[in-house]
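This report refers to the structure that appears directly beneath it.
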Amino acid sequence: MNSYPKYLDIQLQNVYSGIIRSIDKELRPQIIKEYKSDITVQTDSIEDVINNFAASVERAILSDDRLAKRFEQIYTLVNSWTYRETEKAIQKVKSVQKGFSVGFQPDVGAPLFKDAIAAFRRFNVSLAVELGRGHIFGIGLLAENAFREGIPTKDLTAQYRAFSGVSQRKGRFWAVDQMGNAYSSLTEQRQTFAGFDGYIWRTSKDGSVRPEHAALEGKFFKWSQGAYFSKRGRYLHPGQDYRCRCTAEAAFSFNQ
Ligand SMILES: [Zn+2]
């Protein structure tokens, strides 16, 4: 019954891949131009282009209010999502158990979420900077190698495109990880606040569920502990493992 916010996951992934795309829009023509220009100054001038560009992108990302707001907005949407999911779980309990006294949960705008929103924004902005810088310096190395080997411009263009694909996938991977963490911690806060001391582990039941996660389907775990992952050597909740899209169906230990 609890479901993963897949469309928010995709929105956050698109924010990250969009960072690479907007860098490329400016960087690619500059690199190609330098590559085609006077052969004796190429490596130095490519290095200059890269260093200046990396510095300006970092400044641009750090002062980009729209990007910061977008991260806050996505976090708030995950918060609303977990609110609705928890509310459904509370109503379900109330319908089977008259006089159920637990079940209050904080509003999405409650002050207790303020720090978490700010932390999510800050951390994602810093990841965006790291992603952008990694991409730009990677392109720099690629262009310098291309120069040393004297490959044709069209080959450099193809290599550039391939590397952008790698950077975009990296950004998407980070976004999935960030979404999993936000979803997991908000679900935990809301369910425990409402009085559920545990959950039934639910997998997405699609083809990409790992055997280690599939083995947990339908089992009860406490929020105070989680499920033990022997490969990681620690206890985790749904959404906390890399790229995990499992969910936590609110439950009580006394019912197990
Ligand atoms: Zn999972």
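Chain labels A, B, ... are given in the sequence in which chains occur in the structure tokens; within each chain residues are numbered consecutively from 1, and ligands are likewise numbered from 1 in the order shown.
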
For this session: Report as a list in words which protein, DNA and RNA residues come within 6 Å of ligand 1, using only C-alpha atoms and all ligand atoms.
Result: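 I would give the residues around ligand 1 as Thr203, His213, Pro238, Cys244, Arg245 and Cys246 of chain A.
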
For this session: Give the strand (DSSP E or B) residues of stretch 135-211 of chain A, as DSSP finds them on the backbone, and put them as a PyMOL selection string.
Result: chain A and resi 198-202

Exercise. With only C-alpha atoms as the atoms that count, which of A:Ser63, A:Asn181, A:Arg133, A:Val93 lies nearest to A:Phe120?
Worked result: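 Among the listed residues, the smallest separation from A:Phe120 belongs to A:Asn181.
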
A:Thr76: which residues within 12 Å, counting only C-alpha atoms, same-chain residues fewer than 6 positions away excluded, as an mmCIF file with C-alpha atoms, in the first residue's frame?
data_model
loop_
_atom_site.group_PDB
_atom_site.id
_atom_site.type_symbol
_atom_site.label_atom_id
_atom_site.label_comp_id
_atom_site.auth_asym_id
_atom_site.auth_seq_id
_atom_site.Cartn_x
_atom_site.Cartn_y
_atom_site.Cartn_z
ATOM 1 C CA LEU A 8 9.739 12.854 -7.818
ATOM 2 C CA LYS A 69 14.528 26.444 -4.492
ATOM 3 C CA ARG A 70 14.043 23.462 -6.785
ATOM 4 C CA THR A 82 5.088 10.623 2.998
ATOM 5 C CA TYR A 83 2.403 12.635 4.844
ATOM 6 C CA ASP A 107 2.086 19.124 8.897
ATOM 7 C CA VAL A 108 4.433 19.440 5.942
ATOM 8 C CA GLY A 109 5.144 23.048 6.988
ATOM 9 C CA ALA A 110 5.908 22.155 10.635
ATOM 10 C CA PHE A 113 11.304 19.952 9.094
ATOM 11 C CA LYS A 114 13.099 23.287 8.633
ATOM 12 C CA ALA A 116 16.080 18.918 7.149
ATOM 13 C CA ILE A 117 14.964 21.039 4.168
ATOM 14 C CA ALA A 118 17.992 23.302 4.576
ATOM 15 C CA PHE A 120 18.825 18.695 1.777
ATOM 16 C CA ARG A 121 19.246 21.942 -0.182
ATOM 17 C CA MET A 179 15.707 10.609 -3.074
ATOM 18 C CA ALA A 182 14.944 11.708 1.905
ATOM 19 C CA TYR A 183 12.038 9.309 1.421
ATOM 20 C CA LEU A 186 10.750 11.266 6.265
#
